[in-house]
file my_file14.txt (compact mmCIF, C-alpha atoms)
# COMPACT_ATOMS: atom_id res chain seq x y z
CA MET A 1 166.63 -83.89 17.92
CA GLU A 2 168.72 -86.95 18.67
CA VAL A 3 168.16 -89.94 16.43
CA VAL A 4 166.63 -92.80 18.41
CA TYR A 5 167.23 -96.43 17.47
CA THR A 6 164.99 -99.21 18.70
CA SER A 7 164.99 -102.95 18.13
CA ASP A 8 161.91 -105.09 17.76
CA SER A 9 161.24 -108.71 16.86
CA CYS A 10 160.07 -109.06 13.28
CA ASP A 11 156.79 -111.02 13.12
CA SER A 12 157.68 -112.74 9.86
CA ASP A 13 161.16 -114.15 10.46
CA SER A 14 162.15 -113.10 14.02
CA ARG A 15 165.11 -111.07 12.73
CA GLU A 16 166.19 -107.96 14.56
CA GLN A 17 164.51 -104.89 13.10
CA LYS A 18 166.17 -101.51 13.52
CA THR A 19 164.32 -98.23 13.38
CA VAL A 20 165.14 -94.58 12.87
CA ASP A 21 162.44 -92.67 14.73
CA LEU A 22 162.26 -88.97 13.89
CA GLY A 23 158.53 -88.72 14.37
CA HIS A 24 156.96 -85.81 16.26
CA SER A 25 160.12 -83.72 15.76
CA ASN A 26 158.11 -80.69 14.61
CA LYS A 27 160.64 -80.04 11.81
CA ARG A 28 160.27 -78.91 8.19
CA HIS A 29 163.52 -80.61 7.13
CA LEU A 30 165.09 -83.85 8.34
CA ASP A 31 167.83 -84.25 5.73
CA ASP A 32 170.68 -83.58 8.14
CA ASP A 33 169.33 -86.03 10.70
CA LEU A 34 169.09 -88.81 8.12
CA LEU A 35 172.48 -88.00 6.62
CA ARG A 36 174.13 -88.52 9.99
CA VAL A 37 172.79 -92.05 10.00
CA SER A 38 173.47 -92.82 6.34
CA LYS A 39 177.16 -91.78 6.60
CA SER A 40 177.80 -95.15 8.18
CA LYS A 41 177.15 -97.56 5.32
CA LYS A 42 176.86 -100.56 7.61
CA LEU A 43 174.39 -98.80 9.88
CA ALA A 44 172.33 -97.54 6.94
CA GLU A 45 172.10 -101.07 5.59
CA ASP A 46 170.73 -102.30 8.93
CA ILE A 47 167.85 -99.83 9.00
CA GLU A 48 164.49 -101.36 8.02
CA THR A 49 162.05 -98.79 9.40
CA VAL A 50 162.10 -95.00 9.17
CA LEU A 51 159.46 -92.97 11.01
CA LEU A 52 159.11 -89.36 9.87
CA ASN A 53 155.48 -88.91 10.89
CA HIS A 54 153.93 -85.86 12.60
CA ASN A 55 156.38 -83.25 11.39
CA LYS A 56 156.09 -80.29 9.02
CA LEU A 57 157.86 -81.83 6.04
CA ILE A 58 157.15 -80.20 2.70
CA ARG A 59 159.33 -82.64 0.76
CA VAL A 60 160.62 -86.19 1.18
CA PRO A 61 164.34 -86.37 2.14
CA LEU A 62 166.31 -87.70 -0.84
CA SER A 63 168.79 -89.38 1.52
CA LEU A 64 166.23 -92.15 2.03
CA ALA A 65 167.82 -93.80 -1.02
CA ASP A 66 170.86 -94.57 1.15
CA PHE A 67 168.82 -96.99 3.27
CA THR A 68 169.08 -99.92 0.89
CA ASN A 69 167.15 -102.36 3.07
CA LEU A 70 164.35 -100.01 4.05
CA ARG A 71 161.06 -101.87 4.41
CA VAL A 72 158.70 -99.55 6.32
CA LEU A 73 158.41 -95.78 5.73
CA ASP A 74 155.95 -93.62 7.65
CA LEU A 75 155.48 -90.07 6.27
CA SER A 76 152.04 -89.50 7.74
CA ASN A 77 150.79 -86.20 9.15
CA ASN A 78 153.12 -83.84 7.30
CA ARG A 79 152.65 -81.21 4.57
CA LEU A 80 153.87 -83.20 1.60
CA GLU A 81 152.57 -82.19 -1.82
CA GLU A 82 154.61 -84.67 -3.84
CA LEU A 83 156.17 -88.13 -3.64
CA PRO A 84 159.51 -88.16 -5.49
CA GLU A 85 160.97 -90.95 -7.62
CA VAL A 86 163.31 -91.87 -4.76
CA ILE A 87 160.40 -93.73 -3.19
CA THR A 88 160.51 -96.31 -5.98
CA THR A 89 164.19 -97.09 -5.32
CA CYS A 90 163.47 -98.42 -1.83
CA GLN A 91 162.44 -102.03 -1.27
CA LEU A 92 159.41 -101.02 0.77
CA THR A 93 156.74 -103.39 1.98
CA THR A 94 154.81 -100.66 3.82
CA LEU A 95 154.38 -97.01 2.77
CA ILE A 96 152.25 -94.72 4.92
CA VAL A 97 151.60 -91.21 3.58
CA LYS A 98 148.22 -90.47 5.15
CA ASN A 99 147.14 -86.96 6.16
CA ASN A 100 149.24 -84.91 3.78
CA LEU A 101 148.48 -82.62 0.81
CA LEU A 102 148.87 -85.07 -2.06
CA THR A 103 146.78 -84.54 -5.20
CA ASP A 104 146.22 -86.41 -8.47
CA LYS A 105 149.52 -85.01 -9.77
CA SER A 106 151.60 -85.84 -6.69
CA LEU A 107 152.62 -89.43 -7.40
CA PRO A 108 155.44 -90.57 -9.69
CA LYS A 109 154.31 -91.74 -13.14
CA SER A 110 155.04 -95.27 -11.96
CA LEU A 111 155.25 -96.78 -8.49
CA LEU A 112 157.06 -99.83 -9.81
CA GLY A 113 160.72 -100.53 -9.28
CA ALA A 114 162.16 -101.95 -6.10
CA ALA A 115 159.21 -100.58 -4.13
CA GLY A 116 156.50 -101.76 -6.46
CA SER A 117 157.70 -105.34 -6.55
CA ALA A 118 157.41 -105.79 -2.78
CA LEU A 119 154.87 -103.24 -1.54
CA LYS A 120 152.11 -104.92 0.46
CA GLU A 121 150.57 -101.98 2.32
CA LEU A 122 149.89 -98.50 0.94
CA ASN A 123 148.12 -95.82 2.95
CA LEU A 124 147.18 -92.63 1.08
CA SER A 125 144.20 -91.71 3.27
CA GLY A 126 143.44 -88.14 4.25
CA ASN A 127 144.88 -86.42 1.18
CA LEU A 128 143.37 -84.46 -1.75
CA PHE A 129 142.97 -87.11 -4.44
CA LYS A 130 139.94 -86.58 -6.70
CA HIS A 131 140.53 -89.64 -8.86
CA PHE A 132 141.56 -93.18 -8.09
CA PRO A 133 145.37 -93.19 -8.58
CA GLU A 134 146.01 -95.43 -11.58
CA GLN A 135 149.63 -96.00 -10.52
CA VAL A 136 148.37 -98.14 -7.66
CA LEU A 137 147.08 -100.74 -10.13
CA GLU A 138 150.68 -101.69 -10.95
CA LEU A 139 151.29 -102.93 -7.41
CA ARG A 140 150.30 -106.56 -7.89
CA SER A 141 151.65 -107.65 -4.48
CA LEU A 142 149.50 -105.14 -2.62
CA LYS A 143 147.39 -106.61 0.21
CA TYR A 144 146.17 -103.51 2.07
CA LEU A 145 145.09 -100.32 0.30
CA TYR A 146 143.84 -97.28 2.21
CA LEU A 147 142.40 -94.38 0.21
CA GLY A 148 139.80 -93.08 2.66
CA GLY A 149 139.26 -89.42 3.49
CA ASN A 150 139.99 -88.07 0.01
CA GLN A 151 137.68 -86.61 -2.65
CA ILE A 152 137.67 -89.60 -4.98
CA SER A 153 134.54 -89.78 -7.13
CA ASN A 154 135.30 -92.90 -9.18
CA VAL A 155 136.99 -96.26 -8.74
CA SER A 156 138.95 -97.73 -11.63
CA LYS A 157 137.38 -100.67 -13.48
CA ASP A 158 140.84 -102.20 -13.42
CA ILE A 159 140.71 -102.64 -9.66
CA TRP A 160 140.49 -106.38 -10.36
CA LYS A 161 144.19 -106.37 -11.23
CA LEU A 162 145.04 -106.18 -7.53
CA GLN A 163 144.48 -109.91 -7.11
CA ASN A 164 146.29 -110.13 -3.77
CA LEU A 165 144.23 -107.38 -2.17
CA GLN A 166 142.74 -108.36 1.19
CA LEU A 167 141.58 -104.97 2.50
CA LEU A 168 140.22 -102.07 0.46
CA SER A 169 139.37 -98.91 2.40
CA LEU A 170 137.58 -96.16 0.44
CA GLY A 171 135.46 -94.56 3.18
CA GLY A 172 134.96 -90.80 3.34
CA ASN A 173 135.08 -90.03 -0.38
CA LEU A 174 132.57 -88.92 -3.04
CA ILE A 175 132.10 -92.28 -4.76
CA THR A 176 128.72 -92.68 -6.49
CA GLU A 177 129.14 -96.23 -7.80
CA MET A 178 131.44 -99.22 -7.58
CA PRO A 179 132.53 -101.11 -10.70
CA GLU A 180 131.33 -104.68 -11.25
CA THR A 181 134.97 -105.75 -11.37
CA VAL A 182 135.30 -105.31 -7.59
CA GLY A 183 133.69 -108.75 -7.39
CA LEU A 184 136.84 -110.26 -8.90
CA LEU A 185 138.98 -109.48 -5.83
CA ASN A 186 138.93 -113.07 -4.67
CA HIS A 187 141.03 -112.59 -1.52
CA LEU A 188 139.22 -109.52 -0.20
CA TYR A 189 138.05 -109.91 3.42
CA ALA A 190 137.29 -106.27 4.29
CA LEU A 191 135.63 -103.63 2.11
CA VAL A 192 135.13 -100.15 3.58
CA LEU A 193 132.76 -97.93 1.55
CA CYS A 194 131.16 -95.89 4.33
CA ASP A 195 130.52 -92.14 4.11
CA ASN A 196 130.23 -91.91 0.31
CA LEU A 197 127.43 -91.18 -2.18
CA LEU A 198 126.59 -94.74 -3.20
CA GLU A 199 122.99 -95.39 -4.24
CA MET A 200 123.47 -99.04 -5.19
CA LEU A 201 126.00 -101.87 -5.09
CA PRO A 202 126.96 -104.17 -7.95
CA ALA A 203 125.57 -107.70 -7.69
CA SER A 204 129.14 -108.94 -8.14
CA ILE A 205 129.71 -108.17 -4.44
CA ALA A 206 128.26 -111.65 -3.85
CA ARG A 207 131.35 -113.16 -5.51
CA LEU A 208 133.55 -112.00 -2.63
CA VAL A 209 133.27 -115.33 -0.86
CA ASN A 210 135.99 -114.47 1.69
CA LEU A 211 134.43 -111.13 2.67
CA LYS A 212 134.02 -110.78 6.45
CA SER A 213 133.45 -107.05 6.87
CA LEU A 214 131.38 -104.76 4.63
CA LEU A 215 130.96 -101.20 5.90
CA LEU A 216 128.29 -99.23 4.02
CA HIS A 217 126.97 -96.75 6.58
CA LYS A 218 126.40 -93.10 5.66
CA ASN A 219 125.58 -93.56 1.98
CA ARG A 220 122.47 -93.14 -0.18
CA LEU A 221 121.70 -96.81 -0.63
CA ARG A 222 118.04 -97.50 -1.36
CA HIS A 223 118.41 -101.22 -1.89
CA LEU A 224 120.94 -104.02 -1.64
CA PRO A 225 121.51 -106.78 -4.15
CA ARG A 226 119.68 -109.82 -2.85
CA GLU A 227 122.72 -111.91 -3.72
CA ILE A 228 124.43 -110.41 -0.67
CA ILE A 229 122.83 -113.03 1.57
CA THR A 230 125.00 -115.67 -0.09
CA LEU A 231 128.11 -114.22 1.60
CA ARG A 232 128.47 -116.97 4.18
CA ASN A 233 131.60 -115.54 5.82
CA LEU A 234 130.16 -112.05 6.29
CA THR A 235 130.11 -111.23 10.02
CA GLU A 236 129.95 -107.43 9.91
CA LEU A 237 127.51 -105.46 7.74
CA SER A 238 127.09 -101.81 8.70
CA LEU A 239 124.09 -100.06 7.11
CA ARG A 240 123.12 -97.18 9.39
CA ASP A 241 122.28 -93.77 7.94
CA ASN A 242 121.03 -95.14 4.62
CA PRO A 243 117.54 -94.71 3.09
CA LEU A 244 117.38 -98.47 2.54
CA VAL A 245 117.14 -99.48 6.20
CA VAL A 246 113.36 -99.21 6.45
CA ARG A 247 112.88 -100.83 3.02
CA PHE A 248 115.33 -103.59 3.86
CA VAL A 249 113.36 -104.40 7.00
CA LYS A 250 109.90 -104.29 5.41
CA ASP A 251 110.35 -105.25 1.78
CA MET A 252 110.79 -109.01 2.02
CA THR A 253 109.07 -110.98 -0.75
CA LEU A 254 108.39 -114.66 -1.37
CA ASN A 255 108.49 -116.41 -4.73
CA PRO A 256 105.85 -119.13 -5.26
CA PRO A 257 107.09 -122.52 -4.01
CA SER A 258 107.66 -125.33 -6.50
CA LEU A 259 105.48 -128.46 -6.60
CA LEU A 260 108.43 -130.39 -5.17
CA GLU A 261 108.62 -127.95 -2.26
CA LEU A 262 104.87 -128.17 -1.59
CA ALA A 263 104.94 -131.97 -1.67
CA GLY A 264 107.95 -132.09 0.63
CA ARG A 265 106.28 -129.76 3.12
CA ALA A 266 103.15 -131.92 3.12
CA VAL A 267 105.17 -135.06 3.82
CA LYS A 268 107.06 -133.44 6.70
CA THR A 269 104.21 -131.56 8.40
CA SER A 270 101.88 -134.60 8.17
CA ALA A 271 104.65 -136.91 9.43
CA ILE A 272 104.05 -139.32 6.56
CA ARG A 273 106.27 -142.35 6.88
CA TYR A 274 108.39 -143.50 3.94
CA SER A 275 111.27 -145.82 3.20
CA ALA A 276 113.82 -146.52 0.49
CA GLU A 277 111.30 -148.85 -1.10
CA ASP A 278 108.74 -146.04 -1.43
CA LEU A 279 110.84 -143.16 -2.78
CA PRO A 280 113.94 -142.66 -4.94
CA ARG A 281 117.16 -141.89 -3.08
CA THR A 282 117.24 -138.31 -4.45
CA LEU A 283 113.83 -137.53 -2.93
CA ILE A 284 114.81 -139.02 0.40
CA GLU A 285 117.92 -136.84 0.44
CA TYR A 286 115.79 -133.82 -0.46
CA LEU A 287 113.38 -134.48 2.42
CA GLN A 288 116.32 -134.64 4.80
CA THR A 289 117.19 -131.00 3.99
CA ALA A 290 113.98 -129.65 5.55
CA ASN A 291 114.37 -126.58 7.80
CA CYS A 292 111.97 -125.79 10.61
CA CYS A 293 110.28 -122.39 10.57
CA VAL A 294 111.69 -120.19 13.37
CA ASN A 295 108.23 -118.87 14.26
CA PRO A 296 107.49 -120.57 17.62
CA ASN A 297 103.77 -120.65 16.77
CA CYS A 298 104.34 -122.48 13.48
CA LYS A 299 105.15 -126.15 12.99
CA GLY A 300 105.85 -125.75 9.30
CA VAL A 301 109.04 -126.48 7.38
CA PHE A 302 110.66 -125.20 4.22
CA PHE A 303 113.31 -126.36 1.76
CA ASP A 304 114.53 -123.91 -0.89
CA ASN A 305 111.66 -121.44 -0.65
CA ARG A 306 111.56 -119.15 2.37
CA VAL A 307 110.58 -115.71 3.60
CA GLU A 308 113.38 -113.43 4.82
CA HIS A 309 112.33 -111.24 7.72
CA ILE A 310 114.13 -108.81 10.02
CA LYS A 311 113.44 -109.18 13.73
CA PHE A 312 114.81 -106.64 16.21
CA VAL A 313 116.15 -108.19 19.40
CA ASP A 314 117.29 -106.39 22.56
CA PHE A 315 121.04 -106.56 23.07
CA CYS A 316 122.54 -105.79 26.49
CA GLY A 317 119.49 -103.67 27.26
CA LYS A 318 120.89 -100.80 25.18
CA TYR A 319 120.65 -101.68 21.51
CA ARG A 320 118.09 -103.17 19.17
CA ILE A 321 120.01 -105.60 16.98
CA PRO A 322 118.22 -106.62 13.76
CA LEU A 323 118.47 -110.29 12.91
CA LEU A 324 117.61 -111.76 9.55
CA GLN A 325 115.44 -114.83 10.09
CA TYR A 326 113.97 -117.35 7.68
CA LEU A 327 110.27 -118.23 7.82
CA CYS A 328 108.18 -120.74 5.88
CA SER A 329 105.50 -118.26 4.71
CA SER A 330 104.50 -114.59 4.73
CA LYS A 331 101.80 -115.37 7.30
CA CYS A 332 104.51 -116.12 9.83
CA VAL A 333 105.90 -112.58 9.45
CA ALA A 334 102.81 -111.00 10.96
CA ASP A 335 102.67 -113.72 13.58
CA THR A 336 106.22 -113.16 14.78
CA SER A 337 105.75 -109.38 14.77
CA SER A 338 102.73 -109.61 17.07
CA SER A 339 104.27 -112.13 19.47
CA GLU A 340 107.99 -111.34 19.72
CA THR A 341 109.84 -113.28 22.36
CA ASP A 342 113.19 -112.72 24.01
CA GLY A 343 114.57 -116.04 22.85
CA GLU A 344 116.81 -116.18 19.80
CA PRO A 345 116.21 -118.67 16.99
CA SER A 346 118.87 -121.17 16.05
CA SER A 347 122.08 -119.46 14.91
CA SER A 348 122.19 -121.72 11.86
CA MET A 349 118.93 -120.19 10.64
CA MET A 350 119.79 -116.54 11.24
CA ARG A 351 122.45 -114.02 10.26
CA LYS A 352 123.28 -110.89 12.16
CA VAL A 353 122.86 -107.62 10.27
CA LEU A 354 124.43 -104.60 11.97
CA LEU A 355 122.72 -101.30 11.27
CA GLY A 356 124.84 -99.33 13.71
call {"tool": "encode", "arguments": {"input": "my_file14.txt", "output": "structure tokens"}}
result
Amino acid sequence: MEVVYTSDSCDSDSREQKTVDLGHSNKRHLDDDLLRVSKSKKLAEDIETVLLNHNKLIRVPLSLADFTNLRVLDLSNNRLEELPEVITTCQLTTLIVKNNLLTDKSLPKSLLGAAGSALKELNLSGNLFKHFPEQVLELRSLKYLYLGGNQISNVSKDIWKLQNLQLLSLGGNLITEMPETVGLLNHLYALVLCDNLLEMLPASIARLVNLKSLLLHKNRLRHLPREIITLRNLTELSLRDNPLVVRFVKDMTLNPPSLLELAGRAVKTSAIRYSAEDLPRTLIEYLQTANCCVNPNCKGVFFDNRVEHIKFVDFCGKYRIPLLQYLCSSKCVADTSSSETDGEPSSSMMRKVLLG
């Protein structure tokens, strides 16, 4: 097959990016094709992307070492059983090796070197790993890690070392628990744990303040850490096909309100007038934080103490979307259940919880 070169605009610095595209060639060996390119030193130095995906490769061409400025390497959908040391000599920022035959013994002893110092995206999904590859923990610049569709049963406690990680995809494995140290991944915005064997989550999940997407569907979760509601940036929470769904909807409890809370409620609901001469500034500020109960039949308020309740609302006439709403007392739960309306409460008082 003829080698095809294409030029694209690089998103980061607008420099011309040149590509060797040998994907979908249906070949077991591509050494000769790459050698023809690498014979020209100047041309080899210009190449930044090599696409060898969707072939029948059983080994990685060693001539890749000739491409001294290689940044992106796609080896996906082949028959590779091993990644050779030559991978570490390239200055890669993206390495895609998904859908191959890699096992726990297939990676080099170390992924450091020219590759390890710059690698930002690593995709090892759809292989035969049974254990979390420890070599990955050396890649401190890594931002996107894909390990889904393997047979991994454990996640290293040292996962916290990947401090630049923004996306961690572990769906479709055999993971039974996540280490507490996952909560130390301060830059993580997406965590994919769907289709595993998880029965619980560590409370440290609540430390992931930048988390926007948490996919937990198709697990064995029977409860969630209540701290999860403190994730203010969370916009996607997938829980379908878990035993917890019914419990999560029904098992909402209320701790007894404090005397301060009760007094504040009495002042607000009775519309008692007060001024700076009557109350200390701290109490006036406290009274200003009152939240109205979302039950349309209730005129009550609450401060720090509230009941969390799931209400299912029709969405586009096809789906029942559960919304987590805050009520002033457990009596309001029964009231809202018996008199559901089509109107949605204030968005500031509710958070969307996606079960499907």
call {"tool": "residues_near_point", "arguments": {"input": "my_file14.txt", "point": "(142.7, -79.4, -0.1)", "cutoff": "9 Å", "atoms": "only C-alpha atoms", "output": "list in words"}}
result
Leu101, Leu102, Thr103, Asn127, Leu128 and Phe129 of chain A
call {"tool": "residues_around", "arguments": {"input": "my_file14.txt", "residues": "range 45-56 of chain A", "least_positions_apart": "4", "cutoff": "9 Å", "atoms": "only C-alpha atoms", "output": "ChimeraX atom specification"}}
result
/A:17-30,38,40-41,64,66-80,92,96-97
call {"tool": "atom_distance", "arguments": {"input": "my_file14.txt", "atom1": "CA of Leu224 in chain A", "atom2": "CA of Ser125 in chain A"}}
result
26.8 Å
call {"tool": "atom_distance", "arguments": {"input": "my_file14.txt", "atom1": "CA of Arg140 in chain A", "atom2": "CA of Ser238 in chain A"}}
result
28.9 Å
call {"tool": "atom_distance", "arguments": {"input": "my_file14.txt", "atom1": "CA of Arg226 in chain A", "atom2": "CA of Arg240 in chain A"}}
result
17.9 Å
call {"tool": "closest_residue", "arguments": {"input": "my_file14.txt", "among": "A:Leu112, A:Ala203, A:Leu327, A:Val37", "to": "Asn291 in chain A", "atoms": "all atoms listed in the file"}}
result
A:Leu327
call {"tool": "closest_residue", "arguments": {"input": "my_file14.txt", "among": "A:Thr88, A:Leu198, A:Thr181, A:Leu165", "to": "Gln135 in chain A", "atoms": "all atoms listed in the file"}}
result
A:Thr88
call {"tool": "residues_around", "arguments": {"input": "my_file14.txt", "residues": "range 294-304 of chain A", "least_positions_apart": "2", "cutoff": "7 Å", "atoms": "only C-alpha atoms", "output": "PDB file with C-alpha atoms, in the coordinates of the input"}}
result
ATOM      1  CA  GLU A 261     108.620-127.950  -2.260  1.00  0.00           C
ATOM      2  CA  ARG A 265     106.280-129.760   3.120  1.00  0.00           C
ATOM      3  CA  THR A 269     104.210-131.560   8.400  1.00  0.00           C
ATOM      4  CA  THR A 289     117.190-131.000   3.990  1.00  0.00           C
ATOM      5  CA  ALA A 290     113.980-129.650   5.550  1.00  0.00           C
ATOM      6  CA  ASN A 291     114.370-126.580   7.800  1.00  0.00           C
ATOM      7  CA  CYS A 292     111.970-125.790  10.610  1.00  0.00           C
ATOM      8  CA  ARG A 306     111.560-119.150   2.370  1.00  0.00           C
ATOM      9  CA  TYR A 326     113.970-117.350   7.680  1.00  0.00           C
ATOM     10  CA  LEU A 327     110.270-118.230   7.820  1.00  0.00           C
ATOM     11  CA  CYS A 328     108.180-120.740   5.880  1.00  0.00           C
ATOM     12  CA  CYS A 332     104.510-116.120   9.830  1.00  0.00           C
ATOM     13  CA  THR A 336     106.220-113.160  14.780  1.00  0.00           C
ATOM     14  CA  PRO A 345     116.210-118.670  16.990  1.00  0.00           C
TER      15      PRO A 345
END
call {"tool": "residues_around", "arguments": {"input": "my_file14.txt", "residues": "Asp158 in chain A", "least_positions_apart": "2", "cutoff": "9 Å", "atoms": "all atoms listed in the file", "output": "VMD selection string"}}
result
chain A and resid 134 137 155 to 156 160 to 162 179 181 to 182
call {"tool": "decode", "arguments": {"input": "my_file14.txt", "residues": "range 147-155 of chain A", "atoms": "all heavy atoms", "output": "PDB file, in the first residue's frame"}}
result
ATOM      1  N   LEU A 147      -8.033   2.352  30.528  1.00  0.00           N
ATOM      2  CA  LEU A 147      -7.722   0.947  30.820  1.00  0.00           C
ATOM      3  C   LEU A 147      -8.998   0.107  30.817  1.00  0.00           C
ATOM      4  O   LEU A 147      -9.039  -0.968  31.411  1.00  0.00           O
ATOM      5  CB  LEU A 147      -7.020   0.833  32.179  1.00  0.00           C
ATOM      6  CG  LEU A 147      -5.540   1.237  32.218  1.00  0.00           C
ATOM      7  CD1 LEU A 147      -5.060   1.368  33.653  1.00  0.00           C
ATOM      8  CD2 LEU A 147      -4.682   0.236  31.457  1.00  0.00           C
ATOM      9  N   GLY A 148     -10.036   0.581  30.177  1.00  0.00           N
ATOM     10  CA  GLY A 148     -11.303  -0.134  30.149  1.00  0.00           C
ATOM     11  C   GLY A 148     -11.246  -1.394  29.306  1.00  0.00           C
ATOM     12  O   GLY A 148     -10.360  -1.582  28.475  1.00  0.00           O
ATOM     13  N   GLY A 149     -12.206  -2.296  29.537  1.00  0.00           N
ATOM     14  CA  GLY A 149     -12.300  -3.498  28.712  1.00  0.00           C
ATOM     15  C   GLY A 149     -11.165  -4.467  28.891  1.00  0.00           C
ATOM     16  O   GLY A 149     -10.766  -5.147  27.941  1.00  0.00           O
ATOM     17  N   ASN A 150     -10.600  -4.536  30.098  1.00  0.00           N
ATOM     18  CA  ASN A 150      -9.582  -5.533  30.411  1.00  0.00           C
ATOM     19  C   ASN A 150     -10.156  -6.500  31.444  1.00  0.00           C
ATOM     20  O   ASN A 150     -11.373  -6.681  31.518  1.00  0.00           O
ATOM     21  CB  ASN A 150      -8.318  -4.844  30.923  1.00  0.00           C
ATOM     22  CG  ASN A 150      -7.479  -4.247  29.805  1.00  0.00           C
ATOM     23  OD1 ASN A 150      -6.777  -4.958  29.099  1.00  0.00           O
ATOM     24  ND2 ASN A 150      -7.547  -2.925  29.646  1.00  0.00           N
ATOM     25  N   GLN A 151      -9.310  -7.121  32.233  1.00  0.00           N
ATOM     26  CA  GLN A 151      -9.756  -8.025  33.297  1.00  0.00           C
ATOM     27  C   GLN A 151      -9.138  -7.614  34.633  1.00  0.00           C
ATOM     28  O   GLN A 151      -8.873  -8.439  35.495  1.00  0.00           O
ATOM     29  CB  GLN A 151      -9.360  -9.467  32.942  1.00  0.00           C
ATOM     30  CG  GLN A 151      -9.946  -9.963  31.627  1.00  0.00           C
ATOM     31  CD  GLN A 151      -9.350 -11.288  31.172  1.00  0.00           C
ATOM     32  OE1 GLN A 151      -8.888 -12.094  31.979  1.00  0.00           O
ATOM     33  NE2 GLN A 151      -9.337 -11.525  29.871  1.00  0.00           N
ATOM     34  N   ILE A 152      -8.918  -6.323  34.777  1.00  0.00           N
ATOM     35  CA  ILE A 152      -8.256  -5.786  35.963  1.00  0.00           C
ATOM     36  C   ILE A 152      -9.151  -5.955  37.185  1.00  0.00           C
ATOM     37  O   ILE A 152     -10.325  -5.586  37.169  1.00  0.00           O
ATOM     38  CB  ILE A 152      -7.904  -4.304  35.754  1.00  0.00           C
ATOM     39  CG1 ILE A 152      -6.903  -4.180  34.602  1.00  0.00           C
ATOM     40  CG2 ILE A 152      -7.341  -3.690  37.023  1.00  0.00           C
ATOM     41  CD1 ILE A 152      -6.610  -2.760  34.179  1.00  0.00           C
ATOM     42  N   SER A 153      -8.577  -6.495  38.257  1.00  0.00           N
ATOM     43  CA  SER A 153      -9.356  -6.739  39.481  1.00  0.00           C
ATOM     44  C   SER A 153      -8.994  -5.775  40.603  1.00  0.00           C
ATOM     45  O   SER A 153      -9.714  -5.680  41.594  1.00  0.00           O
ATOM     46  CB  SER A 153      -9.149  -8.184  39.963  1.00  0.00           C
ATOM     47  OG  SER A 153      -7.772  -8.438  40.217  1.00  0.00           O
ATOM     48  N   ASN A 154      -7.878  -5.068  40.460  1.00  0.00           N
ATOM     49  CA  ASN A 154      -7.434  -4.161  41.519  1.00  0.00           C
ATOM     50  C   ASN A 154      -6.860  -2.892  40.909  1.00  0.00           C
ATOM     51  O   ASN A 154      -6.384  -2.894  39.769  1.00  0.00           O
ATOM     52  CB  ASN A 154      -6.371  -4.827  42.385  1.00  0.00           C
ATOM     53  CG  ASN A 154      -5.103  -5.116  41.606  1.00  0.00           C
ATOM     54  OD1 ASN A 154      -5.114  -5.816  40.598  1.00  0.00           O
ATOM     55  ND2 ASN A 154      -3.987  -4.552  42.049  1.00  0.00           N
ATOM     56  N   VAL A 155      -6.926  -1.818  41.662  1.00  0.00           N
ATOM     57  CA  VAL A 155      -6.333  -0.548  41.245  1.00  0.00           C
ATOM     58  C   VAL A 155      -5.269  -0.174  42.268  1.00  0.00           C
ATOM     59  O   VAL A 155      -5.508  -0.216  43.479  1.00  0.00           O
ATOM     60  CB  VAL A 155      -7.390   0.571  41.153  1.00  0.00           C
ATOM     61  CG1 VAL A 155      -6.745   1.898  40.786  1.00  0.00           C
ATOM     62  CG2 VAL A 155      -8.454   0.199  40.118  1.00  0.00           C
TER      63      VAL A 155
END
